[in-house]
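Worksheet: the structure to be examined is printed underneath.
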There are 8 protein chains.
Amino acid sequence: MNADAGGSSYIDLGFARVDIGRESRQGLPEVVYGPGKQPSDIAAIVQRLLAANSGPVLVTRVEPAAATDVLEAVPDGAYDRGGRLLTWRVSPGGDFTLAVVTAGTADRAVADEVVAVGRAIGLNVTSYHDVGVAGLHRLLAVAGELAAADAVVVIAGMEAALASAVGGLVGCPVIAVPTSTGYGAAFEGVTALLGMLSSCAAGITVVNIDSGFAAAMAAHRMLHTMRRPGP
Amino acid sequence: MNADAGGSSYIDLGFARVDIGRESRQGLPEVVYGPGKQPSDIAAIVQRLLAANSGPVLVTRVEPAAATDVLEAVPDGAYDRGGRLLTWRVSPGGDFTLAVVTAGTADRAVADEVVAVGRAIGLNVTSYHDVGVAGLHRLLAVAGELAAADAVVVIAGMEAALASAVGGLVGCPVIAVPTSTGYGAAFEGVTALLGMLSSCAAGITVVNIDSGFAAAMAAHRMLHTMRRPGP
Amino acid sequence: MNADAGGSSYIDLGFARVDIGRESRQGLPEVVYGPGKQPSDIAAIVQRLLAANSGPVLVTRVEPAAATDVLEAVPDGAYDRGGRLLTWRVSPGGDFTLAVVTAGTADRAVADEVVAVGRAIGLNVTSYHDVGVAGLHRLLAVAGELAAADAVVVIAGMEAALASAVGGLVGCPVIAVPTSTGYGAAFEGVTALLGMLSSCAAGITVVNIDSGFAAAMAAHRMLHTMRRPGP
Amino acid sequence: MNADAGGSSYIDLGFARVDIGRESRQGLPEVVYGPGKQPSDIAAIVQRLLAANSGPVLVTRVEPAAATDVLEAVPDGAYDRGGRLLTWRVSPGGDFTLAVVTAGTADRAVADEVVAVGRAIGLNVTSYHDVGVAGLHRLLAVAGELAAADAVVVIAGMEAALASAVGGLVGCPVIAVPTSTGYGAAFEGVTALLGMLSSCAAGITVVNIDSGFAAAMAAHRMLHTMRRPGP
Amino acid sequence: MNADAGGSSYIDLGFARVDIGRESRQGLPEVVYGPGKQPSDIAAIVQRLLAANSGPVLVTRVEPAAATDVLEAVPDGAYDRGGRLLTWRVSPGGDFTLAVVTAGTADRAVADEVVAVGRAIGLNVTSYHDVGVAGLHRLLAVAGELAAADAVVVIAGMEAALASAVGGLVGCPVIAVPTSTGYGAAFEGVTALLGMLSSCAAGITVVNIDSGFAAAMAAHRMLHTMRRPGP
Amino acid sequence: MNADAGGSSYIDLGFARVDIGRESRQGLPEVVYGPGKQPSDIAAIVQRLLAANSGPVLVTRVEPAAATDVLEAVPDGAYDRGGRLLTWRVSPGGDFTLAVVTAGTADRAVADEVVAVGRAIGLNVTSYHDVGVAGLHRLLAVAGELAAADAVVVIAGMEAALASAVGGLVGCPVIAVPTSTGYGAAFEGVTALLGMLSSCAAGITVVNIDSGFAAAMAAHRMLHTMRRPGP
Amino acid sequence: MNADAGGSSYIDLGFARVDIGRESRQGLPEVVYGPGKQPSDIAAIVQRLLAANSGPVLVTRVEPAAATDVLEAVPDGAYDRGGRLLTWRVSPGGDFTLAVVTAGTADRAVADEVVAVGRAIGLNVTSYHDVGVAGLHRLLAVAGELAAADAVVVIAGMEAALASAVGGLVGCPVIAVPTSTGYGAAFEGVTALLGMLSSCAAGITVVNIDSGFAAAMAAHRMLHTMRRPGP
Amino acid sequence: MNADAGGSSYIDLGFARVDIGRESRQGLPEVVYGPGKQPSDIAAIVQRLLAANSGPVLVTRVEPAAATDVLEAVPDGAYDRGGRLLTWRVSPGGDFTLAVVTAGTADRAVADEVVAVGRAIGLNVTSYHDVGVAGLHRLLAVAGELAAADAVVVIAGMEAALASAVGGLVGCPVIAVPTSTGYGAAFEGVTALLGMLSSCAAGITVVNIDSGFAAAMAAHRMLHTMRRPGP
């Protein structure tokens with residue numbers, strides 16, 4: 001291990017340099033990106049993170065078979081099949097309320113990742129599915145609940161008009177996640193991405209296509225600031 | 001002139017082959033696209049169309065100075081500065097009601113072209129400006145009027161979410177016109193175009209970026225069918 | 001169910017909010033997009049729509065195996081294999097005549113969707129296959145029939161020149177559907193899409209790549225206006 | 001004025017529908033986008049907003065000459081030349097600390113907009129210029145100050161690597177603004193935009209190219225949540 | 001001068017290496033591309049080419065003022081303002097007949113370059129303007145003349161459907177030139193380019209956007225082969 | 001069959017309109033595009049073409065299994081596995097010499113299609129493989145043979161520099177075929193396509209990506225002109 | 001074999017022209033690109049290269065099964081499974097030290113190719129994995145070792161910020177390899193590629209996406225120059 | 001000034017953080033990018049760099065008027081108009097020979113920047129203009145000189161085939177600079193960029209479009225390594 005204490009520590013496993021300092025440096029968990037890693041590699045990394053830190057440890061986008069292998073090697077964890085997420089030592093649910101809204105049923109998988117990651121890192125998450133703007137009354141019916149949340153994650157593919165509509169109804173932070181739902185001119189989520197970035201509603205922010213993980217982490221950063229002692 | 005009577009007639013001016021058969025062939029006016037043509041060329045074409053047909057003659061996207069020159073050469077016409085349109089022998093307003101809605105004030109120039117062209121070819125046009133989805137109540141306040149129209153033209157730039165919202169509120173035809181309003185990820189209207197094509201609202205149709213002319217002509221085609229004697 | 005009567009009603013199934021108000025709000029059927037939904041989910045949605053409305057119910061892009069499962073759960077429906085469409089309570093054929101023309105034999109699947117959806121929602125559809133502009137005489141031979149229709153759907157991939165040619169021959173509405181037919185510079189339908197949007201024929205409208213469904217619904221919107229009592 | 005009280009109010013000026021309900025509906029100021037509007041139009045809109053609400057009123061991207069005209073018509077406002085911003089009734093500075101970092105001197109204009117807008121709506125903004133990653137020691141020297149802020153806005157063009165570097169150092173929200181700085185493969189900010197969206201640092205959010213305004217409003221949404229009374 | 005005789009000769013002027021071997025190597029004239037070169041540079045190059053070869057010498061895309069300067073320095077040449085072409089020692093017109101067809105009047109400038117270059121290098125060129133497919137009868141009226149030519153150059157912007165229509169009517173070579181005519185989805189000629197490359201008519205070839213020069217030279221290559229003594 | 005004799009004839013098979021007039025109209029064979037057609041459909045089309053014309057009949061891009069089925073139904077044809085081509089009544093080899101050059105071994109499949117189609121329609125084809133510009137001496141060694149051909153087809157992927165090099169060495173027509181060879185920035189042939197269109201060598205023409213068929217047909221059009229009786 | 005001695009020699013195998021002159025012409029090994037070639041073709045080419053030259057012979061991107069077949073036909077070679085590389089007569093390791101750094105574990109495959117090719121052609125390669133900028137301390141910990149190398153290869157996907165960070169720390173040549181690691185807005189390596197090209201660090205050079213081979217060969221070219229006798 | 005000695009020093013001027021540590025940290029000069037900076041800002045930065053370091057100081061892309069102002073404020077510098085470069089304390093020319101080749105005369109401006117920057121930082125630069133591949137003999141005539149250089153910079157627009165041709169002739173490093181020369185499908189240098197990245201010649205490296213500066217600095221990095229004392 002590198003001697004440098006605190007935020008600058010890491011462990012060199014040869015194939016990976018495990019950043020064991022993120023928790024103390026940033027107050028954020030180090031999250032492992034699953035694709036392309038062998039279960040044994042994942043297990044080795046998770047063991048180091050569990051040993052060196054005290055907070056939650058997450059591995060994203062893990063297929064069921066690999067999850068089983070990792071959990072065998074590193075027990076006391078859990079697997080969320082919908083969110084494709086492995087977790088250990090999840091945070092207790094806190095005060096920060098996160099509302100997740102999807103435009104259509106096909107956006108469900110991305111929402112599941114927001115929910116799974118969000119809950120593991122201590123967010124209080126509620127979901128509202130299938131409230132696309134082609135039936136605005138469905139959105140207006142839940143507008144009050146969205147406005148009362150600490151932040152809203154809007155998940156939409158195709159033209160992603162839902163982000164603008166929500167952005168015009170609530171005053172809290174809106175994190176927009178474009179999805180690859182749609183075909184033809186939807187261009188695998190690019191149209192949704194560009195639409196969200198060009199939104200006429202002020203102050204919406206955007207993350208990568210299909211990245212439920214990024215949305216949950218963005219919300220966690222807000223929670224991070226709120227948790228600090230006041231000035 | 002080519003001998004072939006009716007819909008297959010044209011006049012060869014050397015620099016242009018004036019299609020004097022469109023009126024009888026399609027029941028549509030032959031509309032002259034102004035950019036790149038000298039006022040004298042425009043005048044020559046317009047004179048031939050006026051002589052060979054009996055309906056309206058239009059020239060689109062004409063700058064004021066050129067318009068003055070053309071009108072001097074071919075009197076009895078009119079120029080609409082907002083819509084950049086020259087017209088002769090405009091149609092009397094008919095029964096077909098066309099509602100034009102814009103998302104923002106910056107979409108006004110395109111709307112002006114729809115209005116000018118639409119009125120010249122016999123449509124009954126009403127405009128509703130600045131009803132973007134960032135303030136949905138503005139749209140809902142006019143939803144009834146839109147639904148009562150024979151067709152709706154939706155004009156929007158940026159993410160163009162208005163098209164989907166309108167498409168979910170009315171049962172009549174929706175013709176969506178993307179505009180180059182916006183900056184950065186709006187990509188000069190491409191984002192609006194792709195968003196309208198990928199709309200979650202069923203049966204919306206789309207025309208080229210900033211083409212108010214195309215939208216008015218698409219509405220005229222609907223009027224063309226309605227005007228026919230029944231079976 | 002939400003109490004709000006009429007056009008603002010929906011049923012929350014948890015995974016979906018079924019818009020049972022579209023029929024009364026817009027006079028359009030609520031059409032279910034099949035991909036990504038389990039047969040049991042589709043069945044649940046269809047049952048709610050059949051119960052809450054009185055018009056046709058459609059599910060698009062359903063594979064044969066899933067169709068069998070759904071039809072077992074919700075009898076009295078029918079499946080169109082070519083158009084990949086499930087239908088219940090289809091509309092009786094009406095007066096609105098829709099001509100469907102394809103540029104080549106490879107555009108057939110998209111045409112099948114227009115036909116299946118169109119017939120289910122009450123349009124009177126006739127097809128003309130393989131009339132691409134590389135043999136213009138094939139198009140000219142059917143020009144009269146196209147011009148007599150209430151609207152024409154032009155389906156073409158590659159460079160999609162057929163849309164412009166048809167647009168210059170008929171006065172009725174032309175709905176252009178780009179298809180992903182072709183290779184290389186055809187870019188999965190993007191070239192056809194851009195060509196149709198840039199057409200030199202006035203007043204052509206365009207829908208998403210391969211979206212036979214959108215074209216049929218666009219025609220239905222025209223029928224919707226025509227069916228209204230006059231002023 | 002539309003009768004509907006509170007969040008659903010607007011004033012129809014013909015060329016614009018002024019959303020006077022945003023303040024009560026969302027707790028956000030209604031901000032006027034300047035480009036394409038005449039000074040007299042801007043003045044008319046601002047007067048309505050000042051009369052109907054009690055919070056700050058802003059007009060973005062106003063050139064100096066237009067600003068002078070508007071201020072003459074609507075006194076008691078101020079113009080920030082660097083941020084191209086007109087303001088009336090600005091908010092008193094509050095507790096929310098926003099750190100703004102730029103990668104290079106060419107990103108200054110965008111930073112100026114964040115600062116001007118941020119201060120007008122009550123944020124406590126500090127800037128750190130020219131800390132690009134080609135000289136990492138410049139970033140590390142200010143890392144502590146950035147981590148102590150309530151949120152950080154990272155402004156960078158070219159490859160925008162600064163966003164990832166900051167995202168790995170601080171735990172608070174990071175709002176990334178791509179700029180059109182650079183040439184060739186920088187593609188007017190597109191490369192920076194895509195790089196920020198693809199960042200290896202978790203939970204970064206992104207706004208439109210060159211949109212300092214969007215970044216400031218996104219921070220204001222966070223402040224909005226923090227200001228609420230606890231549960 | 002480099003000693004190597006014949007096709008491998010060139011003259012190094014420091015700022016340019018004049019290829020004086022192309023005429024003997026390829027039987028093609030060396031054509032100078034005007035943009036970015038000073039009149040004095042052009043004159044120096046032309047003088048060397050006139051001295052070292054015996055065929056025509058051309059300079060393309062020359063503005064009128066520069067043309068005057070060059071002609072003063074190198075007399076006995078001529079300037080074609082429409083085609084922006086400078087020529088010396090033009091070829092006598094030969095047997096090879098080249099038909100040039102444009103889709104619209106806005107494509108005229110590109111046609112002028114084909115005509116000017118073609119005539120200078122010995123082609124027998126005839127033009128047919130404004131025969132776009134929105135009025136197919138205009139094309140059919142000249143189909144016989146096109147089919148009788150030795151090659152046809154089709155010049156079209158927007159969706160460029162004319163190339164496919166011509167390609168299906170004639171058996172001789174079709175050289176398609178996309179133009180930047182159009183707006184929005186025409187993307188400065190890219191849509192026309194892709195449409196021509198994806199044409200459903202067999203054996204059409206394509207050159208760069210707006211490159212009348214390339215089309216004329218492609219025709220000259222055909223003439224080159226035809227002029228050879230038989231086997 | 002449609003009564004109209006000669007070039008305007010076609011046979012409507014329902015799923016296809018067989019253009020039996022191309023041979024008399026253009027002097028070109030009607031070539032059937034195989035993908036997406038059932039063997040029985042192909043057989044029906046081929047039978048009609050054989051009956052109505054006297055020249056060669058070709059079907060492109062046919063997989064071996066389908067070829068076997070078609071040949072069983074329509075005997076006396078042949079299948080070229082490398083070129084994936086079915087042929088009946090091929091033309092006797094004539095005087096027109098076509099040289100085919102490839103940049104690398106991976107471009108072989110496209111070359112095979114040029115060769116197979118070219119020979120079936122009467123061209124005298126010779127191939128030169130693997131003469132890419134990374135070893136210019138390989139190209140220079142065959143330059144004389146290329147220059148002596150009536151036309152040259154250059155087949156190259158990646159950056160496709162070979163087209164420019166050949167274009168600078170020969171005076172005869174150069175037909176460039178970009179291929180999808182390469183990875184990363186080669187973008188499936190797009191880079192090769194754009195490079196060929198932007199070539200610094202004058203008068204090169206380009207066809208669609210991987211379209212050996214188009215190149216062979218383009219050469220046939222040249223042969224068509226040469227075969228005509230002189231003036 | 002072509003008679004021309006030395007750098008202009010090649011052997012024509014029909015399907016390939018083996019460039020046996022590269023070693024004497026450029027001092028570089030001729031490297032065979034494996035994809036699309038049969039094992040027997042590869043073996044034939046390798047045998048010619050071994051016979052005609054005296055340096056190393058390499059075949060890249062070979063799958064294990066094909067490697068086995070080739071090694072059976074041409075013994076005394078070796079296969080590196082990670083780098084997918086076949087080698088014969090590898091160079092002895094020399095003085096040139098090449099440092100290879102990856103941003104994440106998913107970039108490993110590309111690094112393996114750099115290492116395998118580099119070692120086969122005589123470079124002294126050391127790897128540093130998983131030093132992405134989201135944990136800058138990991139990079140700073142190895143900065144001294146990187147600065148001491150003769151050249152550094154930086155391998156990164158997503159936003160590829162690592163290239164800029166390394167470019168600002170070391171004075172030696174930096175060869176950047178974008179990888180297709182990432183999803184959504186990473187666009188299969190395009191974002192990384194554009195970011196590296198737009199880097200704010202001066203004098204970084206870039207090779208094709210995922211091309212470890214190109215990076216190793218670029219380093220070899222530097223070694224080539226250094227090995228030369230001084231002036 | 002920040003206290004941290006050596007490579008981590010910088011001076012905060014408010015609008016810029018001058019990296020005065022680059023010379024000691026990397027052995028590279030800190031080069032100031034001119035665009036967007038006022039002459040007074042440039043002067044202030046240059047003065048700090050001159051005072052804190054001992055090597056050359058450069059400012060790139062400076063227009064003549066600004067250059068005059070800066071030189072007045074900071075005497076003893078020089079301005080290269082062709083290369084748009086300001087320099088102070090230039091390095092004495094050393095042993096490292098850099099050959100610069102351009103494909104056409106329009107690439108001259110980029111070459112001028114390579115030459116001006118290269119000479120200021122101690123490279124021994126020779127230029128070879130207008131050696132594009134459309135006349136290969138021009139390239140072959142200088143091939144020996146290119147091969148003898150320590151590195152070659154290839155500057156080309158359009159299809160940039162020159163880079164591949166040079167890459168196949170020399171063994172030393174090849175740094176390719178795409179230029180925005182060309183029109184239409186050249187896409188402002190993008191086609192050249194992609195072609196160079198996809199080159200069939202092994203080990204070529206690429207820098208940003210039109211960046212003569214980057215090429216010179218890349219060469220300087222090679223010189224940096226060569227200058228080091230051996231192991």
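Residue names in the structure tokens use chain letters A, B, ... in the order shown, residue numbers from 1 in each chain, and ligand numbers from 1 in the order shown.
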
Using only C-alpha atoms, I'd like a table of the residues in chain G that come within 6 Å of chain D; for each, show the closest atom pair and its distance in Å rounded to one decimal, ordered by chain and ascending number, as CSV.
```
residue,atom,partner,partner_atom,distance
G:Val133,CA,D:Ala165,CA,5.5
G:Ala134,CA,D:Gly168,CA,4.1
G:Gly135,CA,D:Gly168,CA,5.6
G:Met158,CA,D:Ser198,CA,5.1
G:Glu159,CA,D:Gly195,CA,4.2
G:Ala161,CA,D:Ala161,CA,4.5
G:Ser164,CA,D:Ala134,CA,6.0
G:Ala165,CA,D:Val133,CA,5.5
G:Gly168,CA,D:Ala134,CA,4.1
G:Ala185,CA,D:Leu194,CA,5.6
G:Ala186,CA,D:Ser198,CA,5.5
G:Leu194,CA,D:Ala185,CA,5.6
G:Gly195,CA,D:Glu159,CA,4.2
G:Ser198,CA,D:Met158,CA,5.1
G:Ser199,CA,D:Glu159,CA,5.4
G:Ala201,CA,D:Ala134,CA,5.1
```

For the selection you just gave me, I'd like the residues written to a file as a compact mmCIF listing (two decimals), in the first residue's frame, keeping C-alpha atoms.
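Written file, result-v3.txt:
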```txt
# COMPACT_ATOMS: atom_id res chain seq x y z
CA VAL G 133 -7.71 11.06 -13.27
CA ALA G 134 -10.71 10.40 -11.03
CA GLY G 135 -8.00 9.58 -8.46
CA MET G 158 -14.43 7.57 -22.01
CA GLU G 159 -13.26 11.22 -21.85
CA ALA G 161 -8.53 13.04 -19.60
CA SER G 164 -3.77 15.70 -20.97
CA ALA G 165 -2.71 15.12 -17.39
CA GLY G 168 1.47 18.22 -18.59
CA ALA G 185 -21.74 9.55 -25.17
CA ALA G 186 -18.37 7.77 -25.30
CA LEU G 194 -11.50 13.88 -30.13
CA GLY G 195 -10.53 14.71 -26.58
CA SER G 198 -8.05 18.65 -28.60
CA SER G 199 -5.82 18.22 -25.56
CA ALA G 201 -1.26 19.73 -23.23
```

Neighbours of Arg228 of chain H within 12 Å (only C-alpha atoms; same-chain residues fewer than 6 positions away dropped), as a PDB file with N, CA, C and O atoms, in the first residue's frame?
```pdb
ATOM      1  N   ALA G 147       8.043  10.222 -16.407  1.00  0.00           N
ATOM      2  CA  ALA G 147       8.904  11.279 -16.938  1.00  0.00           C
ATOM      3  C   ALA G 147      10.280  10.740 -17.319  1.00  0.00           C
ATOM      4  O   ALA G 147      10.970  11.295 -18.176  1.00  0.00           O
ATOM      5  N   ALA G 148      10.685   9.642 -16.683  1.00  0.00           N
ATOM      6  CA  ALA G 148      12.009   9.088 -16.956  1.00  0.00           C
ATOM      7  C   ALA G 148      12.041   8.185 -18.186  1.00  0.00           C
ATOM      8  O   ALA G 148      13.115   7.817 -18.673  1.00  0.00           O
ATOM      9  N   ALA G 149      10.888   7.831 -18.710  1.00  0.00           N
ATOM     10  CA  ALA G 149      10.848   6.940 -19.882  1.00  0.00           C
ATOM     11  C   ALA G 149      11.259   7.704 -21.138  1.00  0.00           C
ATOM     12  O   ALA G 149      11.236   8.930 -21.174  1.00  0.00           O
ATOM     13  N   ASP G 150      11.624   6.943 -22.171  1.00  0.00           N
ATOM     14  CA  ASP G 150      11.961   7.595 -23.444  1.00  0.00           C
ATOM     15  C   ASP G 150      10.704   8.059 -24.175  1.00  0.00           C
ATOM     16  O   ASP G 150      10.749   9.016 -24.945  1.00  0.00           O
ATOM     17  N   GLY G 171       8.140  15.468 -20.219  1.00  0.00           N
ATOM     18  CA  GLY G 171       8.701  16.183 -21.358  1.00  0.00           C
ATOM     19  C   GLY G 171       8.936  15.299 -22.565  1.00  0.00           C
ATOM     20  O   GLY G 171       9.140  15.792 -23.676  1.00  0.00           O
ATOM     21  N   CYS G 172       8.914  13.995 -22.371  1.00  0.00           N
ATOM     22  CA  CYS G 172       9.181  13.062 -23.469  1.00  0.00           C
ATOM     23  C   CYS G 172       7.944  12.903 -24.346  1.00  0.00           C
ATOM     24  O   CYS G 172       6.867  13.381 -24.002  1.00  0.00           O
ATOM     25  N   MET G 226      16.867   7.249 -33.150  1.00  0.00           N
ATOM     26  CA  MET G 226      17.916   7.292 -32.118  1.00  0.00           C
ATOM     27  C   MET G 226      19.061   6.341 -32.403  1.00  0.00           C
ATOM     28  O   MET G 226      20.190   6.584 -31.994  1.00  0.00           O
TER      29      MET G 226
ATOM     30  N   GLY H  27      10.930  20.415 -19.076  1.00  0.00           N
ATOM     31  CA  GLY H  27      11.950  20.731 -20.066  1.00  0.00           C
ATOM     32  C   GLY H  27      11.336  21.267 -21.342  1.00  0.00           C
ATOM     33  O   GLY H  27      11.961  21.269 -22.403  1.00  0.00           O
ATOM     34  N   ARG H 221       9.431  17.128 -28.203  1.00  0.00           N
ATOM     35  CA  ARG H 221       9.439  16.071 -27.190  1.00  0.00           C
ATOM     36  C   ARG H 221      10.434  14.973 -27.572  1.00  0.00           C
ATOM     37  O   ARG H 221      11.085  14.377 -26.709  1.00  0.00           O
ATOM     38  N   MET H 222      10.543  14.688 -28.864  1.00  0.00           N
ATOM     39  CA  MET H 222      11.525  13.676 -29.297  1.00  0.00           C
ATOM     40  C   MET H 222      12.939  14.196 -29.037  1.00  0.00           C
ATOM     41  O   MET H 222      13.805  13.468 -28.547  1.00  0.00           O
TER      42      MET H 222
END
```

Review point. Atom CA of Asp12 of chain F and atom CA of Asp95 of chain C, how far apart in Å?
Key: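 Result for atom CA of Asp95 of chain C versus atom CA of Asp12 of chain F: 26.7 Å, one decimal.
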
Review point. Counting only C-alpha atoms, what is within 12 Å of Tyr128 of chain D, bar same-chain residues fewer than 6 positions away, as a VMD selection string?
Key: (chain D and resid 98 to 105 107 to 108 111 to 112 115 138 to 143 145 to 146 152 to 155) or (chain H and resid 12 to 17)

Exercise for review: Run DSSP on the backbone and give me the residues of segment 30-215 of chain G it puts in strand (DSSP E), as JSON, numbers by chain.
Suggested key: {"G": [31, 32, 33, 57, 58, 59, 60, 77, 78, 79, 80, 85, 86, 87, 88, 97, 98, 99, 100, 101, 102, 124, 125, 126, 127, 128, 151, 152, 153, 154, 155, 156, 174, 175, 176, 177, 178, 205, 206]}

Review point. Got a sec: who's within 9 Å of His220 of chain B, counting only C-alpha atoms, leaving out chain neighbours fewer than 6 positions off, as a PyMOL selection string?
Key: (chain B and resi 28+96+118+121-123) or (chain C and resi 171-173+203)

Point to revise | Selection: 6 Å around segment 56-66 of chain D, only C-alpha atoms, excl. self and same-chain fewer than 6 positions, as a list in words | key: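 Non-adjacent residues within range: Val31, Val32, Tyr33, Gly34, Pro39, Arg84, Leu85, Leu86, Thr87, Trp88, Arg89 and Val90 of chain D.
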
Using only N, CA, C and O atoms, please write the residues we just selected to a file, as a PDB file, in the first residue's frame.
```
ATOM      1  N   VAL D  31     -36.625  33.995 -16.110  1.00  0.00           N
ATOM      2  CA  VAL D  31     -35.512  34.680 -16.746  1.00  0.00           C
ATOM      3  C   VAL D  31     -35.807  34.842 -18.239  1.00  0.00           C
ATOM      4  O   VAL D  31     -36.220  33.889 -18.898  1.00  0.00           O
ATOM      5  N   VAL D  32     -35.607  36.052 -18.743  1.00  0.00           N
ATOM      6  CA  VAL D  32     -35.907  36.345 -20.138  1.00  0.00           C
ATOM      7  C   VAL D  32     -34.660  36.120 -20.993  1.00  0.00           C
ATOM      8  O   VAL D  32     -33.573  36.599 -20.658  1.00  0.00           O
ATOM      9  N   TYR D  33     -34.798  35.371 -22.079  1.00  0.00           N
ATOM     10  CA  TYR D  33     -33.691  35.122 -23.010  1.00  0.00           C
ATOM     11  C   TYR D  33     -33.672  36.272 -24.007  1.00  0.00           C
ATOM     12  O   TYR D  33     -34.642  36.474 -24.746  1.00  0.00           O
ATOM     13  N   GLY D  34     -32.570  37.036 -24.029  1.00  0.00           N
ATOM     14  CA  GLY D  34     -32.546  38.272 -24.791  1.00  0.00           C
ATOM     15  C   GLY D  34     -32.512  38.166 -26.310  1.00  0.00           C
ATOM     16  O   GLY D  34     -33.221  38.900 -26.996  1.00  0.00           O
ATOM     17  N   PRO D  39     -35.547  45.751 -27.835  1.00  0.00           N
ATOM     18  CA  PRO D  39     -35.507  46.359 -26.501  1.00  0.00           C
ATOM     19  C   PRO D  39     -36.904  46.700 -25.980  1.00  0.00           C
ATOM     20  O   PRO D  39     -37.189  46.509 -24.791  1.00  0.00           O
ATOM     21  N   ARG D  84     -23.091  39.942 -19.816  1.00  0.00           N
ATOM     22  CA  ARG D  84     -24.148  40.353 -20.751  1.00  0.00           C
ATOM     23  C   ARG D  84     -25.546  40.225 -20.115  1.00  0.00           C
ATOM     24  O   ARG D  84     -26.492  39.765 -20.756  1.00  0.00           O
ATOM     25  N   LEU D  85     -25.657  40.639 -18.858  1.00  0.00           N
ATOM     26  CA  LEU D  85     -26.872  40.384 -18.084  1.00  0.00           C
ATOM     27  C   LEU D  85     -27.509  41.675 -17.597  1.00  0.00           C
ATOM     28  O   LEU D  85     -26.832  42.556 -17.056  1.00  0.00           O
ATOM     29  N   LEU D  86     -28.829  41.765 -17.746  1.00  0.00           N
ATOM     30  CA  LEU D  86     -29.617  42.850 -17.155  1.00  0.00           C
ATOM     31  C   LEU D  86     -30.314  42.300 -15.919  1.00  0.00           C
ATOM     32  O   LEU D  86     -30.860  41.184 -15.950  1.00  0.00           O
ATOM     33  N   THR D  87     -30.320  43.081 -14.845  1.00  0.00           N
ATOM     34  CA  THR D  87     -30.968  42.614 -13.613  1.00  0.00           C
ATOM     35  C   THR D  87     -31.757  43.733 -12.951  1.00  0.00           C
ATOM     36  O   THR D  87     -31.391  44.903 -13.027  1.00  0.00           O
ATOM     37  N   TRP D  88     -32.833  43.330 -12.279  1.00  0.00           N
ATOM     38  CA  TRP D  88     -33.605  44.212 -11.406  1.00  0.00           C
ATOM     39  C   TRP D  88     -33.874  43.446 -10.109  1.00  0.00           C
ATOM     40  O   TRP D  88     -34.076  42.238 -10.137  1.00  0.00           O
ATOM     41  N   ARG D  89     -33.868  44.166  -9.019  1.00  0.00           N
ATOM     42  CA  ARG D  89     -34.220  43.596  -7.703  1.00  0.00           C
ATOM     43  C   ARG D  89     -33.429  42.321  -7.395  1.00  0.00           C
ATOM     44  O   ARG D  89     -34.026  41.269  -7.114  1.00  0.00           O
ATOM     45  N   VAL D  90     -32.117  42.413  -7.478  1.00  0.00           N
ATOM     46  CA  VAL D  90     -31.317  41.196  -7.253  1.00  0.00           C
ATOM     47  C   VAL D  90     -31.459  40.713  -5.827  1.00  0.00           C
ATOM     48  O   VAL D  90     -31.708  41.499  -4.906  1.00  0.00           O
TER      49      VAL D  90
END
```
